[in-house]
Amino acid sequence: MKHIFKEGKAELPVLLLLHGTGGTEEDLLPLAELIAPEHSILSVRGNVSENGMPRFFKRLSEGVFDEEDLIERTHELNSFIDDSADQYGFDRTNVIAIGYSNGANIAASLLFHDKNALRGAILHHPMVPLRSIELPDLSEKHIFIGAGENDPICSSDETRELKQLLDNAGAEVTVHWETSGHQLTQSEAKKAAEWFKRYR
């Protein structure tokens with residue numbers, strides 16, 4: 001997978017950056033710099049193209065995921081993180097995802113599929129990735145969700161459902177609400193940075 005690796009302090013968690021639809025591995029670098037400037041970064045570009053726009057998995061329509069492809073791409077990404085840990089020499093058990101929109105959805109899918117995939121996650125405007133699987137034990141996982149009260153893509157009910165699913169799996173979930181829509185605002189990013197300093 002096309003990616004950027006930027007080495008930081010070895011003892012700190014590695015940040016896995018996952019962009020939104022139409023983004024690239026460059027998009028979330030400023031966000032990572034705001035949240036955790038001393039950390040190593042593995043920023044990945046999605047392998048799926050939708051009308052020339054990179055994504056991490058296919059969708060059938062707006063808000064309707066191709067679940068078969070999502071599952072396949074989730075395993076592909078998980079394996080890529082494994083390989084990257086070997087290649088760059090970082091601790092595979094100490095990876096925290098920062099995802100926005102489509103990237104947040106596949107980060108959530110990693111959590112849904114494998115309790116060892118991520119140590120924690122910052123999910124900006126995620127949806128429920130799958131409703132057809134039983135979640136693993138996510139005890140001791142800390143998860144931040146940034147959501148918009150007026151988000152036309154990810155409804156407030158969707159956010160609450162995702163939180164409930166993660167809560168039921170044992171995760172400690174913090175939801176921060178903005179009055180805006182689907183965009184990632186500066187104030188939301190700052191709240192994520194404040195959360196990260198407490199839970200990294």
# chains A, B, ... in the order shown; residues from 1 in each chain; ligands from 1
call {"tool": "residues_around", "arguments": {"residues": "Asp157 in chain A", "least_positions_apart": "4", "cutoff": "12 Å", "atoms": "only C-alpha atoms", "output": "MDAnalysis selection string"}}
result
chainID A and resid 126:128 147:153 161:164
call {"tool": "write_last_selection", "arguments": {"atoms": "N, CA, C and O atoms", "output": "short mmCIF file (atom, residue, chain, number, x, y, z; two decimals), in the first residue's frame"}}
result
data_model
loop_
_atom_site.label_atom_id
_atom_site.label_comp_id
_atom_site.auth_asym_id
_atom_site.auth_seq_id
_atom_site.Cartn_x
_atom_site.Cartn_y
_atom_site.Cartn_z
N PRO A 126 -17.05 8.72 12.08
CA PRO A 126 -17.19 7.34 11.62
C PRO A 126 -18.65 6.90 11.57
O PRO A 126 -19.52 7.50 12.21
N MET A 127 -18.89 5.84 10.82
CA MET A 127 -20.17 5.14 10.83
C MET A 127 -19.97 3.76 11.44
O MET A 127 -18.83 3.36 11.70
N VAL A 128 -21.04 3.04 11.67
CA VAL A 128 -20.93 1.64 12.09
C VAL A 128 -20.46 0.84 10.88
O VAL A 128 -21.16 0.79 9.86
N ALA A 147 -17.86 13.87 16.32
CA ALA A 147 -19.11 13.77 15.56
C ALA A 147 -19.74 15.15 15.37
O ALA A 147 -19.52 16.06 16.17
N GLY A 148 -20.52 15.27 14.30
CA GLY A 148 -21.23 16.52 14.02
C GLY A 148 -22.72 16.35 14.24
O GLY A 148 -23.33 15.42 13.70
N GLU A 149 -23.32 17.23 15.01
CA GLU A 149 -24.75 17.14 15.27
C GLU A 149 -25.58 17.29 13.99
O GLU A 149 -26.70 16.79 13.89
N ASN A 150 -25.02 17.98 13.00
CA ASN A 150 -25.72 18.21 11.73
C ASN A 150 -25.02 17.52 10.56
O ASN A 150 -25.08 17.99 9.43
N ASP A 151 -24.37 16.39 10.86
CA ASP A 151 -23.64 15.65 9.83
C ASP A 151 -24.63 14.96 8.90
O ASP A 151 -25.39 14.09 9.33
N PRO A 152 -24.64 15.30 7.61
CA PRO A 152 -25.61 14.69 6.68
C PRO A 152 -25.23 13.27 6.28
O PRO A 152 -26.07 12.53 5.74
N ILE A 153 -23.99 12.88 6.51
CA ILE A 153 -23.52 11.54 6.11
C ILE A 153 -23.59 10.56 7.27
O ILE A 153 -24.00 9.42 7.11
N GLU A 161 -25.04 4.62 18.09
CA GLU A 161 -25.03 3.16 17.92
C GLU A 161 -23.60 2.62 17.95
O GLU A 161 -23.32 1.60 18.59
N LEU A 162 -22.69 3.31 17.27
CA LEU A 162 -21.30 2.89 17.27
C LEU A 162 -20.73 2.93 18.68
O LEU A 162 -20.04 1.99 19.12
N LYS A 163 -21.01 4.01 19.40
CA LYS A 163 -20.53 4.10 20.79
C LYS A 163 -21.07 2.93 21.62
O LYS A 163 -20.33 2.32 22.40
N GLN A 164 -22.35 2.62 21.47
CA GLN A 164 -22.96 1.55 22.24
C GLN A 164 -22.30 0.21 21.94
O GLN A 164 -22.01 -0.58 22.85
#
call {"tool": "select_by_dssp", "arguments": {"residues": "range 27-196 of chain A", "states": "strand (DSSP E or B)", "output": "VMD selection string"}}
result
chain A and resid 41 to 44 48 to 50 53 to 55 59 to 61 64 to 65 95 to 100 120 to 124 142 to 148 172 to 178
call {"tool": "closest_residue", "arguments": {"among": "A:Glu178, A:Glu194, A:Glu26, A:Glu11", "to": "Asp91 in chain A", "atoms": "only C-alpha atoms"}}
result
A:Glu11
call {"tool": "residues_around", "arguments": {"residues": "range 44-59 of chain A", "least_positions_apart": "5", "cutoff": "12 Å", "atoms": "only C-alpha atoms", "output": "MDAnalysis selection string"}}
result
chainID A and resid 1:6 15:29 64:78 80:81 84 97:107 109:110 129
call {"tool": "closest_residue", "arguments": {"among": "A:Tyr88, A:Phe144, A:Phe196, A:Phe112", "to": "His176 in chain A", "atoms": "only C-alpha atoms"}}
result
A:Phe144
call {"tool": "select_by_dssp", "arguments": {"residues": "range 35-112 of chain A", "states": "alpha helix (DSSP H)", "output": "MDAnalysis selection string"}}
result
chainID A and resid 35 67:88 102:112
call {"tool": "closest_residue", "arguments": {"among": "A:Gly89, A:Gly170, A:Gly181, A:Gly63", "to": "Leu42 in chain A", "atoms": "only C-alpha atoms"}}
result
A:Gly89
call {"tool": "atom_distance", "arguments": {"atom1": "CA of Ala85 in chain A", "atom2": "CA of Glu140 in chain A"}}
result
21.9 Å
call {"tool": "decode", "arguments": {"residues": "range 30-64 of chain A", "atoms": "N, CA and C atoms", "output": "PDB file, in the first residue's frame"}}
result
ATOM      1  N   PRO A  30      -0.864  17.116   8.960  1.00  0.00           N
ATOM      2  CA  PRO A  30      -0.991  18.272   9.866  1.00  0.00           C
ATOM      3  C   PRO A  30      -1.776  17.938  11.135  1.00  0.00           C
ATOM      4  N   LEU A  31      -2.775  17.061  11.020  1.00  0.00           N
ATOM      5  CA  LEU A  31      -3.549  16.653  12.192  1.00  0.00           C
ATOM      6  C   LEU A  31      -2.665  15.885  13.166  1.00  0.00           C
ATOM      7  N   ALA A  32      -1.846  14.982  12.657  1.00  0.00           N
ATOM      8  CA  ALA A  32      -0.928  14.234  13.514  1.00  0.00           C
ATOM      9  C   ALA A  32       0.079  15.163  14.184  1.00  0.00           C
ATOM     10  N   GLU A  33       0.521  16.171  13.460  1.00  0.00           N
ATOM     11  CA  GLU A  33       1.462  17.148  14.023  1.00  0.00           C
ATOM     12  C   GLU A  33       0.809  17.904  15.172  1.00  0.00           C
ATOM     13  N   LEU A  34      -0.473  18.208  15.056  1.00  0.00           N
ATOM     14  CA  LEU A  34      -1.203  18.893  16.126  1.00  0.00           C
ATOM     15  C   LEU A  34      -1.403  17.975  17.326  1.00  0.00           C
ATOM     16  N   ILE A  35      -1.771  16.727  17.070  1.00  0.00           N
ATOM     17  CA  ILE A  35      -2.134  15.811  18.152  1.00  0.00           C
ATOM     18  C   ILE A  35      -0.908  15.264  18.863  1.00  0.00           C
ATOM     19  N   ALA A  36       0.098  14.851  18.113  1.00  0.00           N
ATOM     20  CA  ALA A  36       1.224  14.142  18.725  1.00  0.00           C
ATOM     21  C   ALA A  36       2.485  14.301  17.885  1.00  0.00           C
ATOM     22  N   PRO A  37       3.137  15.462  17.951  1.00  0.00           N
ATOM     23  CA  PRO A  37       4.252  15.754  17.058  1.00  0.00           C
ATOM     24  C   PRO A  37       5.490  14.885  17.244  1.00  0.00           C
ATOM     25  N   GLU A  38       5.643  14.226  18.394  1.00  0.00           N
ATOM     26  CA  GLU A  38       6.857  13.442  18.647  1.00  0.00           C
ATOM     27  C   GLU A  38       6.708  11.974  18.262  1.00  0.00           C
ATOM     28  N   HIS A  39       5.534  11.588  17.793  1.00  0.00           N
ATOM     29  CA  HIS A  39       5.260  10.182  17.523  1.00  0.00           C
ATOM     30  C   HIS A  39       5.616   9.785  16.096  1.00  0.00           C
ATOM     31  N   SER A  40       5.970   8.507  15.930  1.00  0.00           N
ATOM     32  CA  SER A  40       6.129   7.961  14.579  1.00  0.00           C
ATOM     33  C   SER A  40       4.773   7.935  13.883  1.00  0.00           C
ATOM     34  N   ILE A  41       4.810   8.027  12.560  1.00  0.00           N
ATOM     35  CA  ILE A  41       3.589   8.081  11.756  1.00  0.00           C
ATOM     36  C   ILE A  41       3.678   7.049  10.638  1.00  0.00           C
ATOM     37  N   LEU A  42       2.614   6.272  10.485  1.00  0.00           N
ATOM     38  CA  LEU A  42       2.422   5.425   9.318  1.00  0.00           C
ATOM     39  C   LEU A  42       1.137   5.904   8.654  1.00  0.00           C
ATOM     40  N   SER A  43       1.280   6.650   7.564  1.00  0.00           N
ATOM     41  CA  SER A  43       0.124   7.237   6.889  1.00  0.00           C
ATOM     42  C   SER A  43      -0.095   6.500   5.574  1.00  0.00           C
ATOM     43  N   VAL A  44      -1.303   5.952   5.392  1.00  0.00           N
ATOM     44  CA  VAL A  44      -1.564   4.998   4.319  1.00  0.00           C
ATOM     45  C   VAL A  44      -2.590   5.565   3.333  1.00  0.00           C
ATOM     46  N   ARG A  45      -2.395   5.263   2.058  1.00  0.00           N
ATOM     47  CA  ARG A  45      -3.381   5.611   1.036  1.00  0.00           C
ATOM     48  C   ARG A  45      -4.249   4.384   0.741  1.00  0.00           C
ATOM     49  N   GLY A  46      -5.553   4.584   0.666  1.00  0.00           N
ATOM     50  CA  GLY A  46      -6.459   3.492   0.356  1.00  0.00           C
ATOM     51  C   GLY A  46      -6.202   2.909  -1.017  1.00  0.00           C
ATOM     52  N   ASN A  47      -6.416   1.600  -1.146  1.00  0.00           N
ATOM     53  CA  ASN A  47      -6.130   0.877  -2.383  1.00  0.00           C
ATOM     54  C   ASN A  47      -7.298   0.854  -3.363  1.00  0.00           C
ATOM     55  N   VAL A  48      -8.441   1.408  -2.976  1.00  0.00           N
ATOM     56  CA  VAL A  48      -9.629   1.400  -3.833  1.00  0.00           C
ATOM     57  C   VAL A  48      -9.786   2.771  -4.483  1.00  0.00           C
ATOM     58  N   SER A  49     -10.171   2.777  -5.752  1.00  0.00           N
ATOM     59  CA  SER A  49     -10.421   4.036  -6.452  1.00  0.00           C
ATOM     60  C   SER A  49     -11.896   4.124  -6.819  1.00  0.00           C
ATOM     61  N   GLU A  50     -12.526   5.209  -6.411  1.00  0.00           N
ATOM     62  CA  GLU A  50     -13.918   5.479  -6.774  1.00  0.00           C
ATOM     63  C   GLU A  50     -13.950   6.744  -7.616  1.00  0.00           C
ATOM     64  N   ASN A  51     -14.107   6.568  -8.925  1.00  0.00           N
ATOM     65  CA  ASN A  51     -14.069   7.706  -9.855  1.00  0.00           C
ATOM     66  C   ASN A  51     -12.797   8.537  -9.667  1.00  0.00           C
ATOM     67  N   GLY A  52     -11.682   7.825  -9.482  1.00  0.00           N
ATOM     68  CA  GLY A  52     -10.395   8.481  -9.320  1.00  0.00           C
ATOM     69  C   GLY A  52     -10.086   8.942  -7.911  1.00  0.00           C
ATOM     70  N   MET A  53     -11.017   8.724  -6.977  1.00  0.00           N
ATOM     71  CA  MET A  53     -10.819   9.154  -5.589  1.00  0.00           C
ATOM     72  C   MET A  53     -10.390   7.966  -4.733  1.00  0.00           C
ATOM     73  N   PRO A  54      -9.224   8.050  -4.080  1.00  0.00           N
ATOM     74  CA  PRO A  54      -8.799   6.947  -3.218  1.00  0.00           C
ATOM     75  C   PRO A  54      -9.752   6.733  -2.040  1.00  0.00           C
ATOM     76  N   ARG A  55     -10.026   5.443  -1.772  1.00  0.00           N
ATOM     77  CA  ARG A  55     -10.809   5.022  -0.620  1.00  0.00           C
ATOM     78  C   ARG A  55     -10.178   3.746  -0.062  1.00  0.00           C
ATOM     79  N   PHE A  56     -10.614   3.372   1.142  1.00  0.00           N
ATOM     80  CA  PHE A  56     -10.087   2.154   1.750  1.00  0.00           C
ATOM     81  C   PHE A  56     -10.934   0.926   1.437  1.00  0.00           C
ATOM     82  N   PHE A  57     -12.169   1.112   1.010  1.00  0.00           N
ATOM     83  CA  PHE A  57     -13.015  -0.006   0.604  1.00  0.00           C
ATOM     84  C   PHE A  57     -14.146   0.527  -0.277  1.00  0.00           C
ATOM     85  N   LYS A  58     -14.774  -0.380  -1.001  1.00  0.00           N
ATOM     86  CA  LYS A  58     -15.847   0.009  -1.923  1.00  0.00           C
ATOM     87  C   LYS A  58     -17.147   0.290  -1.170  1.00  0.00           C
ATOM     88  N   ARG A  59     -17.998   1.077  -1.801  1.00  0.00           N
ATOM     89  CA  ARG A  59     -19.344   1.276  -1.287  1.00  0.00           C
ATOM     90  C   ARG A  59     -20.331   1.118  -2.433  1.00  0.00           C
ATOM     91  N   LEU A  60     -21.537   0.738  -2.084  1.00  0.00           N
ATOM     92  CA  LEU A  60     -22.584   0.536  -3.086  1.00  0.00           C
ATOM     93  C   LEU A  60     -23.275   1.847  -3.427  1.00  0.00           C
ATOM     94  N   SER A  61     -23.385   2.733  -2.426  1.00  0.00           N
ATOM     95  CA  SER A  61     -23.920   4.080  -2.600  1.00  0.00           C
ATOM     96  C   SER A  61     -23.513   4.878  -1.364  1.00  0.00           C
ATOM     97  N   GLU A  62     -23.882   6.146  -1.311  1.00  0.00           N
ATOM     98  CA  GLU A  62     -23.543   6.989  -0.155  1.00  0.00           C
ATOM     99  C   GLU A  62     -24.063   6.342   1.122  1.00  0.00           C
ATOM    100  N   GLY A  63     -23.147   6.007   2.022  1.00  0.00           N
ATOM    101  CA  GLY A  63     -23.531   5.440   3.308  1.00  0.00           C
ATOM    102  C   GLY A  63     -23.861   3.968   3.293  1.00  0.00           C
ATOM    103  N   VAL A  64     -23.735   3.305   2.123  1.00  0.00           N
ATOM    104  CA  VAL A  64     -24.020   1.868   2.028  1.00  0.00           C
ATOM    105  C   VAL A  64     -22.728   1.161   1.611  1.00  0.00           C
TER     106      VAL A  64
END
